[in-house]
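Shown next: run_6.tsv, containing TSV, C-alpha atoms.
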```
chain	number	residue	atom	x	y	z
M	3	MET	CA	10.17	6.85	-44.63
M	4	THR	CA	10.69	6.02	-40.98
M	5	PRO	CA	10.80	9.14	-38.80
M	6	PRO	CA	13.96	9.60	-36.73
M	7	PRO	CA	13.72	8.48	-33.10
M	8	ILE	CA	12.72	11.13	-30.61
M	9	LYS	CA	15.66	12.08	-28.43
M	10	VAL	CA	14.87	12.77	-24.80
M	11	CYS	CA	17.55	14.63	-22.89
M	12	PRO	CA	18.16	14.11	-19.15
M	13	ASP	CA	16.93	17.64	-18.42
M	14	THR	CA	13.50	16.91	-19.91
M	15	ILE	CA	10.80	17.74	-17.35
M	16	VAL	CA	8.55	14.73	-16.81
M	17	GLY	CA	6.22	16.30	-14.25
M	18	PHE	CA	5.87	18.45	-11.16
M	19	ASN	CA	6.08	17.11	-7.63
M	20	THR	CA	3.68	17.80	-4.77
M	21	GLU	CA	5.62	20.97	-3.95
M	22	GLY	CA	5.15	22.23	-7.51
M	23	GLU	CA	8.82	21.76	-8.41
M	24	PRO	CA	9.82	20.35	-11.82
M	25	VAL	CA	11.13	16.78	-11.89
M	26	THR	CA	13.54	15.89	-14.68
M	27	LEU	CA	14.11	12.57	-16.41
M	28	SER	CA	17.58	12.51	-14.86
M	29	ARG	CA	16.05	12.70	-11.38
M	30	VAL	CA	13.72	9.78	-12.13
M	31	LEU	CA	16.60	7.68	-13.46
M	32	ASN	CA	18.61	8.45	-10.33
M	33	ALA	CA	15.59	7.48	-8.24
M	34	ARG	CA	15.50	4.09	-10.01
M	35	ASP	CA	19.09	3.48	-8.91
M	36	GLU	CA	18.20	4.53	-5.36
M	37	MET	CA	15.28	2.08	-5.32
M	38	ARG	CA	17.57	-0.74	-6.45
M	39	GLU	CA	19.89	0.10	-3.55
M	40	TRP	CA	16.95	-0.10	-1.14
M	41	PHE	CA	15.87	-3.43	-2.61
M	42	SER	CA	19.40	-4.77	-2.07
M	43	ILE	CA	19.02	-3.88	1.61
M	44	LYS	CA	15.52	-5.27	2.12
M	45	ILE	CA	15.70	-8.40	-0.02
M	46	THR	CA	17.56	-11.44	1.29
M	47	THR	CA	16.57	-14.22	-1.13
M	48	GLY	CA	13.91	-12.68	-3.36
M	49	ALA	CA	13.94	-10.73	-6.62
M	50	TYR	CA	12.03	-7.83	-8.13
M	51	SER	CA	10.66	-6.67	-11.47
M	52	GLU	CA	11.69	-3.50	-13.24
M	53	ARG	CA	8.06	-2.37	-13.09
M	54	ILE	CA	7.97	-2.16	-9.31
M	55	VAL	CA	11.29	-0.28	-9.41
M	56	ASP	CA	9.77	2.23	-11.84
M	57	GLU	CA	6.59	2.54	-9.77
M	58	LEU	CA	8.51	3.34	-6.60
M	59	ALA	CA	10.99	5.63	-8.37
M	60	ILE	CA	8.19	7.88	-9.60
M	61	HIS	CA	6.80	8.22	-6.09
M	62	TRP	CA	10.31	8.64	-4.65
M	63	CYS	CA	10.41	11.81	-6.77
M	64	ARG	CA	7.15	12.85	-5.09
M	65	LEU	CA	5.10	12.57	-8.28
M	66	PRO	CA	1.57	11.42	-7.33
M	67	GLN	CA	-0.04	8.95	-9.72
M	68	ILE	CA	-3.51	7.57	-10.37
M	69	PHE	CA	-3.59	4.51	-8.16
M	70	GLY	CA	-6.66	2.39	-8.51
M	71	ARG	CA	-9.39	5.00	-8.84
M	72	SER	CA	-7.77	7.91	-7.01
M	73	ARG	CA	-4.63	10.05	-7.01
M	74	LEU	CA	-2.05	8.89	-4.48
M	75	LEU	CA	1.52	9.62	-3.41
M	76	ILE	CA	2.90	6.30	-2.19
M	77	ASP	CA	5.17	6.21	0.85
M	78	CYS	CA	8.05	4.19	-0.63
M	79	HIS	CA	9.51	3.37	2.78
M	80	ALA	CA	6.18	1.87	3.87
M	81	VAL	CA	6.32	-0.50	0.88
M	82	LEU	CA	10.00	-1.36	1.31
M	83	GLU	CA	9.57	-2.10	5.01
M	84	GLN	CA	6.80	-4.60	4.27
M	85	ILE	CA	9.00	-6.28	1.67
M	86	GLY	CA	11.65	-6.46	4.36
M	87	VAL	CA	9.16	-8.27	6.59
M	88	LEU	CA	8.45	-10.82	3.86
M	89	GLU	CA	12.19	-11.29	3.35
M	90	GLY	CA	13.03	-11.54	7.04
M	91	ALA	CA	15.39	-8.60	6.72
M	92	PRO	CA	16.73	-7.11	9.98
M	93	GLN	CA	15.74	-3.78	11.51
M	94	ASN	CA	12.30	-3.41	9.98
M	95	ARG	CA	9.91	-0.68	11.10
M	96	ALA	CA	6.89	-1.82	9.14
M	97	ALA	CA	3.37	-1.02	10.35
M	98	PRO	CA	1.45	-4.15	11.42
M	99	THR	CA	-0.72	-5.27	8.52
M	100	LYS	CA	-2.60	-8.37	7.44
M	101	PRO	CA	-0.47	-11.42	6.60
M	102	ALA	CA	0.38	-12.16	2.98
M	103	LYS	CA	-2.19	-14.37	1.30
M	104	PRO	CA	-2.54	-16.15	-2.04
M	105	PHE	CA	-5.09	-14.94	-4.56
M	106	SER	CA	-7.63	-17.20	-6.21
M	107	GLY	CA	-9.51	-17.16	-9.50
M	108	PRO	CA	-7.81	-15.34	-12.39
M	109	LEU	CA	-4.93	-14.30	-10.09
M	110	THR	CA	-4.15	-17.81	-8.80
M	111	GLY	CA	-0.39	-18.05	-8.43
M	112	LEU	CA	-0.02	-14.47	-7.19
M	113	TRP	CA	0.23	-13.35	-3.58
M	114	GLY	CA	-0.68	-10.07	-1.91
M	115	LYS	CA	0.83	-8.34	1.12
M	116	HIS	CA	-0.66	-5.16	2.49
M	117	TRP	CA	1.34	-2.06	3.09
M	118	PHE	CA	-0.04	0.79	5.19
M	119	GLN	CA	0.74	4.50	5.20
M	120	ALA	CA	-0.61	7.48	7.11
M	121	SER	CA	-2.95	8.59	4.31
M	122	PHE	CA	-4.86	5.30	4.65
M	123	ILE	CA	-5.98	6.13	8.20
M	124	LEU	CA	-9.10	7.95	6.97
M	125	ASN	CA	-10.32	4.91	5.01
M	126	ASN	CA	-9.78	2.67	8.02
M	127	LEU	CA	-11.66	5.09	10.28
M	128	MET	CA	-14.58	5.24	7.85
M	129	ARG	CA	-14.82	1.45	7.72
M	130	GLU	CA	-14.62	1.11	11.49
M	131	ASN	CA	-17.26	3.76	12.09
M	132	GLU	CA	-19.59	2.16	9.56
M	133	LYS	CA	-19.50	-1.04	11.59
M	134	TYR	CA	-18.90	0.07	15.17
M	135	GLY	CA	-19.18	3.88	15.31
M	136	GLU	CA	-22.50	4.06	17.13
M	137	SER	CA	-21.54	1.51	19.78
M	138	LEU	CA	-18.17	3.21	20.34
M	139	ILE	CA	-19.87	6.56	20.96
M	140	TYR	CA	-22.42	5.06	23.35
M	141	ARG	CA	-19.66	3.23	25.19
M	142	ALA	CA	-17.64	6.43	25.61
M	143	LEU	CA	-20.67	8.39	26.84
M	144	ASN	CA	-21.69	5.68	29.30
M	145	LYS	CA	-18.13	5.43	30.59
M	146	LYS	CA	-18.03	9.17	31.28
M	147	PHE	CA	-21.54	9.75	32.66
M	148	GLY	CA	-22.80	6.30	33.64
M	149	ARG	CA	-25.32	4.24	31.72
M	150	ASN	CA	-27.68	6.65	29.93
M	151	GLY	CA	-26.52	9.42	32.27
M	152	TRP	CA	-25.64	11.67	29.38
M	153	HIS	CA	-29.19	12.24	28.10
M	154	ASP	CA	-29.79	15.46	30.02
M	155	ARG	CA	-26.25	16.81	29.79
M	156	PRO	CA	-25.57	20.13	28.03
M	157	VAL	CA	-24.18	19.85	24.53
M	158	GLY	CA	-20.86	21.22	25.71
M	159	ASP	CA	-20.40	18.29	28.09
M	160	VAL	CA	-20.64	15.66	25.37
M	161	ALA	CA	-19.27	17.54	22.35
M	162	GLY	CA	-15.65	16.54	22.92
M	163	ILE	CA	-16.42	12.90	23.69
M	164	ILE	CA	-18.14	12.12	20.39
M	165	PRO	CA	-15.28	13.09	18.00
M	166	HIS	CA	-12.76	11.40	20.30
M	167	ALA	CA	-14.77	8.18	20.12
M	168	ALA	CA	-15.18	8.46	16.35
M	169	VAL	CA	-11.45	8.98	15.74
M	170	ILE	CA	-9.16	7.81	18.55
M	171	ASP	CA	-11.39	5.06	19.95
M	172	ALA	CA	-12.30	3.85	16.46
M	173	LEU	CA	-8.68	3.56	15.35
M	174	GLU	CA	-7.64	1.82	18.58
M	175	ASN	CA	-10.60	-0.52	18.25
M	176	ARG	CA	-9.70	-1.43	14.68
M	177	VAL	CA	-6.03	-2.06	15.43
M	178	GLY	CA	-6.83	-4.04	18.58
M	179	ARG	CA	-9.61	-6.06	16.96
M	180	LEU	CA	-7.56	-7.03	13.94
M	181	ALA	CA	-4.50	-7.79	16.06
M	182	ASN	CA	-6.52	-10.47	17.84
M	183	SER	CA	-7.84	-12.04	14.65
M	184	LYS	CA	-6.41	-13.89	11.70
M	185	ASP	CA	-6.18	-10.61	9.78
M	186	GLN	CA	-3.68	-8.61	11.80
M	187	GLY	CA	-3.40	-4.89	11.34
M	188	PRO	CA	-5.22	-2.14	9.46
M	189	THR	CA	-6.15	-2.48	5.81
M	190	GLY	CA	-3.77	-0.98	3.27
M	191	GLU	CA	-3.04	-1.60	-0.39
M	192	TRP	CA	-1.30	-4.52	-2.09
M	193	ILE	CA	2.27	-5.51	-2.84
M	194	ILE	CA	1.81	-8.17	-5.52
M	195	PHE	CA	4.36	-10.96	-5.74
M	196	THR	CA	4.72	-14.53	-6.90
M	197	LYS	CA	6.76	-17.47	-5.66
M	198	SER	CA	9.24	-19.23	-7.92
M	199	GLY	CA	12.27	-21.38	-7.19
M	200	GLY	CA	11.86	-20.96	-3.45
M	201	ARG	CA	11.91	-17.18	-3.54
M	202	ASN	CA	9.51	-14.26	-3.78
M	203	ILE	CA	9.46	-12.17	-6.95
M	204	TYR	CA	7.93	-8.73	-6.31
M	205	LEU	CA	5.96	-7.64	-9.36
M	206	THR	CA	3.83	-4.53	-8.87
M	207	LEU	CA	1.75	-2.44	-6.46
M	208	ALA	CA	-2.02	-2.65	-6.68
M	209	SER	CA	-5.18	-1.14	-5.27
M	210	HIS	CA	-8.25	-2.96	-3.98
M	211	SER	CA	-10.29	-0.98	-6.49
M	212	GLU	CA	-8.48	-2.42	-9.53
M	213	THR	CA	-9.72	-5.31	-11.62
M	214	ASN	CA	-7.93	-8.64	-11.86
M	215	GLN	CA	-7.18	-7.91	-15.51
M	216	GLU	CA	-5.49	-4.60	-14.70
M	217	ILE	CA	-3.27	-6.19	-12.07
M	218	LEU	CA	-2.37	-9.20	-14.21
M	219	ALA	CA	-1.50	-7.03	-17.22
M	220	ARG	CA	1.17	-5.22	-15.19
M	221	CYS	CA	2.53	-8.43	-13.70
M	222	LYS	CA	3.06	-9.92	-17.17
M	223	SER	CA	5.77	-7.36	-17.90
M	224	ALA	CA	8.04	-9.32	-15.52
M	225	ILE	CA	8.16	-12.32	-17.87
M	226	SER	CA	10.96	-10.73	-19.93
M	227	LYS	CA	13.18	-10.66	-16.83
M	228	PHE	CA	11.87	-13.92	-15.35
M	229	PRO	CA	11.06	-16.21	-18.31
M	230	GLU	CA	10.30	-19.09	-15.93
M	231	LEU	CA	7.04	-17.33	-15.06
M	232	LYS	CA	5.76	-17.96	-18.59
M	233	THR	CA	4.86	-21.54	-17.67
M	234	ALA	CA	3.42	-20.76	-14.22
M	235	PRO	CA	-0.06	-19.57	-13.22
M	236	PRO	CA	-1.56	-17.06	-13.69
M	237	PHE	CA	0.67	-16.34	-16.69
M	238	LEU	CA	0.06	-19.76	-18.27
M	239	GLN	CA	-3.52	-19.30	-19.48
```
Using structure tokens, write down the structure from this file.
Amino acid sequence: MTPPPIKVCPDTIVGFNTEGEPVTLSRVLNARDEMREWFSIKITTGAYSERIVDELAIHWCRLPQIFGRSRLLIDCHAVLEQIGVLEGAPQNRAAPTKPAKPFSGPLTGLWGKHWFQASFILNNLMRENEKYGESLIYRALNKKFGRNGWHDRPVGDVAGIIPHAAVIDALENRVGRLANSKDQGPTGEWIIFTKSGGRNIYLTLASHSETNQEILARCKSAISKFPELKTAPPFLQ
């Protein structure tokens, strides 16, 4: 005997937001509608999957999710603004990030565009300090005290310079260095999309720490809405 379907009422609590408040199914469904409204503003010629709507709706309700290998609350506006950049939509306030680029290998046929939010600053600072931290500190000390003039200075004289160099100087160095290279802007996470019929189709959000298989599995859910993708790479395998 087949069991009766489980009925879920709109007042069902699906989780608790970052403030510890309950979030109901009704709120999530309303958030999906709000995300569609935002897509209608930011998209000029493109299209979007239901998956990326669901992903953003959950975060719009301030429900952090496991993203890649860590727990993250995504800034939905940061994602939507980058989509607006790709679409050439007016009045965008997107942070400068690396240009969209095509993937290769198992993800050939997909494209990635970075989005950046405030919580990513720490990762960018760590990467910059790994590469340039020592030279940035020496440069700041030499600028203040002259070349090697800081060796005999009391600790109190140099204490404020070192953290400033490791944070402010490092972030400015990263933004400035990347702005003058092919890869403009700080490193964020991915908006995954494909191109079909002269338009972008936005599929899912992805982390650098995910595998190709994990990303592709989510993208495949868009085939039901966009059957033309079935015969295009990487879906045709």
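Note that the spacing between CA of Pro98 (chain M) and CA of Cys78 (chain M) amounts to 16.1 Å.
For the atom pair formed by CA of Phe105 (chain M) and CA of Arg129 (chain M), the distance is 22.7 Å, given to one decimal.
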Who sits within 7 Å of region 193-198 of chain M, only C-alpha atoms, same chain under 3 positions skipped, as an mmCIF file with C-alpha atoms, in the coordinates of the input:
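And here's result11.cif as it stands now:
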```cif
data_model
loop_
_atom_site.group_PDB
_atom_site.id
_atom_site.type_symbol
_atom_site.label_atom_id
_atom_site.label_comp_id
_atom_site.auth_asym_id
_atom_site.auth_seq_id
_atom_site.Cartn_x
_atom_site.Cartn_y
_atom_site.Cartn_z
ATOM 1 C CA GLY M 111 -0.390 -18.050 -8.430
ATOM 2 C CA LEU M 112 -0.020 -14.470 -7.190
ATOM 3 C CA TRP M 113 0.230 -13.350 -3.580
ATOM 4 C CA GLY M 114 -0.680 -10.070 -1.910
ATOM 5 C CA LYS M 115 0.830 -8.340 1.120
ATOM 6 C CA HIS M 116 -0.660 -5.160 2.490
ATOM 7 C CA TRP M 117 1.340 -2.060 3.090
ATOM 8 C CA ARG M 201 11.910 -17.180 -3.540
ATOM 9 C CA ASN M 202 9.510 -14.260 -3.780
ATOM 10 C CA ILE M 203 9.460 -12.170 -6.950
ATOM 11 C CA TYR M 204 7.930 -8.730 -6.310
ATOM 12 C CA LEU M 205 5.960 -7.640 -9.360
ATOM 13 C CA THR M 206 3.830 -4.530 -8.870
ATOM 14 C CA LEU M 207 1.750 -2.440 -6.460
ATOM 15 C CA ALA M 208 -2.020 -2.650 -6.680
#
```
Counting all atoms listed in the file, the residue of M:Arg64, M:Lys100, M:Arg34, M:Lys232 that sits nearest Asp77 (chain M)
M:Arg64
How close does region 56-160 of chain M get to region 12-17 of chain M? List, as JSON lines, each residue of region 56-160 of chain M within 10 Å, its nearest atom pair and the distance in Å to one decimal, counting all atoms listed in the file.
```
{"residue": "M:Ile60", "atom": "CA", "partner": "M:Gly17", "partner_atom": "CA", "distance": 9.8}
{"residue": "M:Cys63", "atom": "CA", "partner": "M:Gly17", "partner_atom": "CA", "distance": 9.7}
{"residue": "M:Arg64", "atom": "CA", "partner": "M:Gly17", "partner_atom": "CA", "distance": 9.8}
{"residue": "M:Leu65", "atom": "CA", "partner": "M:Gly17", "partner_atom": "CA", "distance": 7.1}
{"residue": "M:Pro66", "atom": "CA", "partner": "M:Gly17", "partner_atom": "CA", "distance": 9.7}
```
Would you put the residues from that selection into a file with C-alpha atoms, as a PDB file, in the frame of the given file?
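Listing of out-v8.pdb after writing:
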```
ATOM      1  CA  ILE M  60       8.190   7.880  -9.600  1.00  0.00           C
ATOM      2  CA  CYS M  63      10.410  11.810  -6.770  1.00  0.00           C
ATOM      3  CA  ARG M  64       7.150  12.850  -5.090  1.00  0.00           C
ATOM      4  CA  LEU M  65       5.100  12.570  -8.280  1.00  0.00           C
ATOM      5  CA  PRO M  66       1.570  11.420  -7.330  1.00  0.00           C
TER       6      PRO M  66
END
```
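Ranking M:Ile45, M:Ala219, M:Met37, M:Ala168 by their shortest atom-to-atom distance to Tyr134 (chain M), with all atoms listed in the file included, puts M:Ala168 first.
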Using all atoms listed in the file, the residue out of M:Val55, M:Gly135, M:Asn150, M:His166 with shortest distance to Glu39 (chain M) is M:Val55
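Minimum atom-to-atom distance to Glu230 (chain M), evaluated using only C-alpha atoms, belongs to M:Gly199 out of M:Gly199, M:Thr213, M:Gly48, M:Val25.
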Top pick for closest residue to Leu218 (chain M), considering M:Leu109, M:Gln67, M:Tyr50, M:Leu27 and counting all atoms listed in the file:
M:Leu109
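Proximity of M:Ser121, M:Thr46, M:Asn144, M:Ser28 to Leu88 (chain M), computed with all atoms listed in the file, is greatest for M:Thr46.
Atom pair CA of Leu127 (chain M) / CA of Gly190 (chain M): separated by 12.2 Å.
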Where is the centre and how long are the edges: axis-aligned box on region 198-207 of chain M, 6 Å on each side, Å to one decimal, as AutoDock Vina command-line options:
```
--center_x 7.0 --center_y -11.9 --center_z -6.4 --size_x 22.5 --size_y 30.9 --size_z 17.9
```
